[in-house]
Amino acid sequence: MEKLKKLKTVFQTEKRVRVLVVLGIVGVLLICLSEFITFTPKTEDAQSETQTTDFCEHTEEKLESILAQMQSAGRVQVMVTLESSDEKIYAADAKTDTKSGADSQQKSTDEKYVLIDSNKGDDGILLKTNAPKVKGVIVVCDGGDDPSVVKQITDAVSAALGIGANRISVMKMKTEA
């Protein structure tokens with residue numbers, strides 16, 4: 001009983017001990033609560049998909065804006081489809097070994113990505129990002145039945161996106177009733 005009184009007086013007189021005990025309890029509670037709270041950061045795949053969608057929408061808007069200014073094109077709608085998403089090129093350290101024999105020569109390459117330590121773990125050093133590759137373009141416009149307008153639109157889209165005319169389809173927009 002006497003030990004309990006001593007312990008009680010220590011807690012009453014020692015403010016530091018009380019503060020430490022309270023902080024310890026709060027720390028244990030936070031650790032327990034962290035099990036129930038989930039944090040899902042935006043993954044690289046989700047970011048890449050968003051960037052690809054943004055690229056597609058931006059390209060469609062720009063093409064619609066430019067093509068609508070062409071003579072005899074009229075109203076214009078554009079759909080762009082992509083062959084692939086953007087491509088990320090990371091820094092790599094390559095080591096090539098060449099072994100020569102009497103009759104043959106062997107060449108082996110060992111390539112390792114250069115990593116940096118970040119707060120999320122090890123990340124590669126991004127050198128550049130290549131834009132997504134365009135698979136094809138559909139243009140629907142009022143002037144889509146005029147061969148000269150179709151040729152001009154096909155040439156313009158081909159030049160703007162660097163794709164062949166065989167990947168571009170220009171059609172007449174239906175008339176509003």
# chains A, B, ... in the order shown; residues from 1 in each chain; ligands from 1

$ residues_around --residues "Val114 (chain A)" --least-positions-apart "3" --cutoff "10 Å" --atoms "only C-alpha atoms" --output "MDAnalysis selection string"
chainID A and resid 90:94 111 122:126

$ write_last_selection --atoms "C-alpha atoms" --output "PDB file, in the first residue's frame"
ATOM      1  CA  TYR A  90      15.432   6.320 -67.629  1.00  0.00           C
ATOM      2  CA  ALA A  91      19.175   6.770 -67.140  1.00  0.00           C
ATOM      3  CA  ALA A  92      21.104   3.502 -67.276  1.00  0.00           C
ATOM      4  CA  ASP A  93      24.698   2.543 -66.673  1.00  0.00           C
ATOM      5  CA  ALA A  94      25.821   0.008 -69.284  1.00  0.00           C
ATOM      6  CA  GLU A 111      22.763  -2.610 -68.000  1.00  0.00           C
ATOM      7  CA  ASP A 122      14.437   4.224 -54.889  1.00  0.00           C
ATOM      8  CA  ASP A 123      13.457   6.038 -58.081  1.00  0.00           C
ATOM      9  CA  GLY A 124      15.093   5.992 -61.486  1.00  0.00           C
ATOM     10  CA  ILE A 125      16.441   9.163 -63.063  1.00  0.00           C
ATOM     11  CA  LEU A 126      14.017  10.140 -65.813  1.00  0.00           C
TER      12      LEU A 126
END

$ residues_around --residues "Ile66 (chain A)" --least-positions-apart "4" --cutoff "10 Å" --atoms "only C-alpha atoms" --output "list in words"
Glu61, Lys62, Met70, Val76, Ile153, Ala156 and Val157 of chain A

$ write_last_selection --atoms "C-alpha atoms" --output "JSON list (two decimals), in the first residue's frame"
[["chain", "number", "residue", "atom", "x", "y", "z"],
["A", 61, "GLU", "CA", -9.18, 20.17, -79.41],
["A", 62, "LYS", "CA", -6.22, 21.68, -81.27],
["A", 70, "MET", "CA", -10.05, 25.80, -93.18],
["A", 76, "VAL", "CA", -15.49, 19.77, -87.39],
["A", 153, "ILE", "CA", -7.67, 17.97, -94.10],
["A", 156, "ALA", "CA", -2.99, 18.97, -92.50],
["A", 157, "VAL", "CA", -3.55, 16.14, -89.99]]

$ select_by_dssp --residues "region 49-109 of chain A" --states "alpha helix (DSSP H)" --output "PDB file with C-alpha atoms, in the first residue's frame"
ATOM      1  CA  GLU A  49      -3.316   7.080 -67.971  1.00  0.00           C
ATOM      2  CA  THR A  50      -4.330  10.625 -66.998  1.00  0.00           C
ATOM      3  CA  GLN A  51      -1.482  12.109 -69.028  1.00  0.00           C
ATOM      4  CA  THR A  52      -2.434   9.959 -72.033  1.00  0.00           C
ATOM      5  CA  THR A  53      -6.073  11.051 -71.793  1.00  0.00           C
ATOM      6  CA  ASP A  54      -4.991  14.683 -71.470  1.00  0.00           C
ATOM      7  CA  PHE A  55      -2.728  14.321 -74.526  1.00  0.00           C
ATOM      8  CA  CYS A  56      -5.559  12.827 -76.568  1.00  0.00           C
ATOM      9  CA  GLU A  57      -8.105  15.483 -75.546  1.00  0.00           C
ATOM     10  CA  HIS A  58      -5.645  18.338 -76.102  1.00  0.00           C
ATOM     11  CA  THR A  59      -4.703  17.006 -79.549  1.00  0.00           C
ATOM     12  CA  GLU A  60      -8.355  16.629 -80.544  1.00  0.00           C
ATOM     13  CA  GLU A  61      -9.179  20.170 -79.406  1.00  0.00           C
ATOM     14  CA  LYS A  62      -6.220  21.684 -81.266  1.00  0.00           C
ATOM     15  CA  LEU A  63      -7.028  19.803 -84.475  1.00  0.00           C
ATOM     16  CA  GLU A  64     -10.710  20.775 -84.290  1.00  0.00           C
ATOM     17  CA  SER A  65      -9.736  24.414 -83.803  1.00  0.00           C
ATOM     18  CA  ILE A  66      -7.309  24.450 -86.738  1.00  0.00           C
ATOM     19  CA  LEU A  67      -9.414  22.391 -89.147  1.00  0.00           C
ATOM     20  CA  ALA A  68     -12.556  24.457 -88.476  1.00  0.00           C
TER      21      ALA A  68
END

$ residues_around --residues "Lys151 (chain A)" --least-positions-apart "5" --cutoff "12 Å" --atoms "only C-alpha atoms" --output "number ranges by chain"
A: 70, 73, 139, 143-146, 156-158, 165-166, 168-171

$ write_last_selection --atoms "N, CA and C atoms" --output "mmCIF file, in the first residue's frame"
data_model
loop_
_atom_site.group_PDB
_atom_site.id
_atom_site.type_symbol
_atom_site.label_atom_id
_atom_site.label_comp_id
_atom_site.auth_asym_id
_atom_site.auth_seq_id
_atom_site.Cartn_x
_atom_site.Cartn_y
_atom_site.Cartn_z
ATOM 1 N N MET A 70 -10.316 26.055 -91.764
ATOM 2 C CA MET A 70 -10.052 25.797 -93.182
ATOM 3 C C MET A 70 -11.299 26.127 -94.000
ATOM 4 N N ALA A 73 -14.483 23.645 -94.739
ATOM 5 C CA ALA A 73 -14.523 22.525 -93.794
ATOM 6 C C ALA A 73 -15.810 22.556 -92.977
ATOM 7 N N VAL A 139 -11.884 12.354 -88.766
ATOM 8 C CA VAL A 139 -12.364 13.736 -88.856
ATOM 9 C C VAL A 139 -13.735 13.698 -89.518
ATOM 10 N N GLY A 143 -17.665 19.610 -94.811
ATOM 11 C CA GLY A 143 -17.086 19.537 -96.151
ATOM 12 C C GLY A 143 -16.505 18.181 -96.482
ATOM 13 N N GLY A 144 -16.850 17.158 -95.728
ATOM 14 C CA GLY A 144 -16.277 15.822 -95.909
ATOM 15 C C GLY A 144 -16.656 15.124 -97.186
ATOM 16 N N ASP A 145 -17.585 15.700 -97.978
ATOM 17 C CA ASP A 145 -17.948 15.077 -99.245
ATOM 18 C C ASP A 145 -17.224 15.702 -100.434
ATOM 19 N N ASP A 146 -16.445 16.754 -100.167
ATOM 20 C CA ASP A 146 -15.686 17.437 -101.220
ATOM 21 C C ASP A 146 -14.256 16.868 -101.231
ATOM 22 N N ALA A 156 -3.211 18.181 -93.716
ATOM 23 C CA ALA A 156 -2.992 18.973 -92.498
ATOM 24 C C ALA A 156 -2.806 18.059 -91.281
ATOM 25 N N VAL A 157 -3.657 17.055 -91.135
ATOM 26 C CA VAL A 157 -3.550 16.136 -89.993
ATOM 27 C C VAL A 157 -2.262 15.322 -90.089
ATOM 28 N N SER A 158 -1.930 14.883 -91.295
ATOM 29 C CA SER A 158 -0.701 14.120 -91.500
ATOM 30 C C SER A 158 0.525 14.936 -91.102
ATOM 31 N N ALA A 165 -1.249 9.178 -94.467
ATOM 32 C CA ALA A 165 -2.626 9.451 -94.894
ATOM 33 C C ALA A 165 -3.518 8.223 -94.728
ATOM 34 N N ASN A 166 -2.933 7.030 -94.753
ATOM 35 C CA ASN A 166 -3.724 5.812 -94.586
ATOM 36 C C ASN A 166 -4.272 5.655 -93.163
ATOM 37 N N ILE A 168 -5.692 8.252 -91.581
ATOM 38 C CA ILE A 168 -6.603 9.382 -91.401
ATOM 39 C C ILE A 168 -7.864 9.133 -92.219
ATOM 40 N N SER A 169 -9.003 9.270 -91.579
ATOM 41 C CA SER A 169 -10.280 9.086 -92.270
ATOM 42 C C SER A 169 -11.094 10.375 -92.127
ATOM 43 N N VAL A 170 -11.520 10.926 -93.273
ATOM 44 C CA VAL A 170 -12.312 12.159 -93.285
ATOM 45 C C VAL A 170 -13.681 11.824 -93.861
ATOM 46 N N MET A 171 -14.723 12.179 -93.138
ATOM 47 C CA MET A 171 -16.091 11.877 -93.554
ATOM 48 C C MET A 171 -16.992 13.100 -93.432
#

$ atom_distance --atom1 "CA of Glu83 (chain A)" --atom2 "CA of Val140 (chain A)"
20.7 Å

$ atom_distance --atom1 "CA of Leu115 (chain A)" --atom2 "CA of Asp86 (chain A)"
20.8 Å

$ residues_around --residues "Ser84 (chain A)" --least-positions-apart "5" --cutoff "10 Å" --atoms "only C-alpha atoms" --output "JSON list (two decimals) with N, CA and C atoms, in the first residue's frame"
[["chain", "number", "residue", "atom", "x", "y", "z"],
["A", 52, "THR", "N", -2.07, 10.43, -70.70],
["A", 52, "THR", "CA", -2.43, 9.96, -72.03],
["A", 52, "THR", "C", -3.79, 10.52, -72.44],
["A", 131, "ALA", "N", 6.22, 11.36, -76.32],
["A", 131, "ALA", "CA", 4.77, 11.49, -76.42],
["A", 131, "ALA", "C", 4.16, 10.18, -76.92],
["A", 132, "PRO", "N", 2.89, 9.96, -76.61],
["A", 132, "PRO", "CA", 2.22, 8.74, -77.10],
["A", 132, "PRO", "C", 2.22, 8.70, -78.63],
["A", 133, "LYS", "N", 2.17, 7.50, -79.19],
["A", 133, "LYS", "CA", 2.15, 7.33, -80.64],
["A", 133, "LYS", "C", 0.69, 7.29, -81.11],
["A", 134, "VAL", "N", 0.39, 8.08, -82.12],
["A", 134, "VAL", "CA", -0.96, 8.16, -82.66],
["A", 134, "VAL", "C", -1.21, 6.98, -83.59],
["A", 135, "LYS", "N", -2.31, 6.29, -83.38],
["A", 135, "LYS", "CA", -2.68, 5.14, -84.21],
["A", 135, "LYS", "C", -3.50, 5.58, -85.41]]

$ atom_distance --atom1 "CA of Thr129 (chain A)" --atom2 "CA of Leu161 (chain A)"
17.0 Å

$ closest_residue --among "A:Leu29, A:Ile116, A:Gly101, A:Leu82" --to "Ile163 (chain A)" --atoms "only C-alpha atoms"
A:Leu82

$ select_by_dssp --residues "region 70-134 of chain A" --states "strand (DSSP E)" --output "MDAnalysis selection string"
chainID A and resid 76:82 87:90 92:100 105:113 115:118 121:124 126:130 134
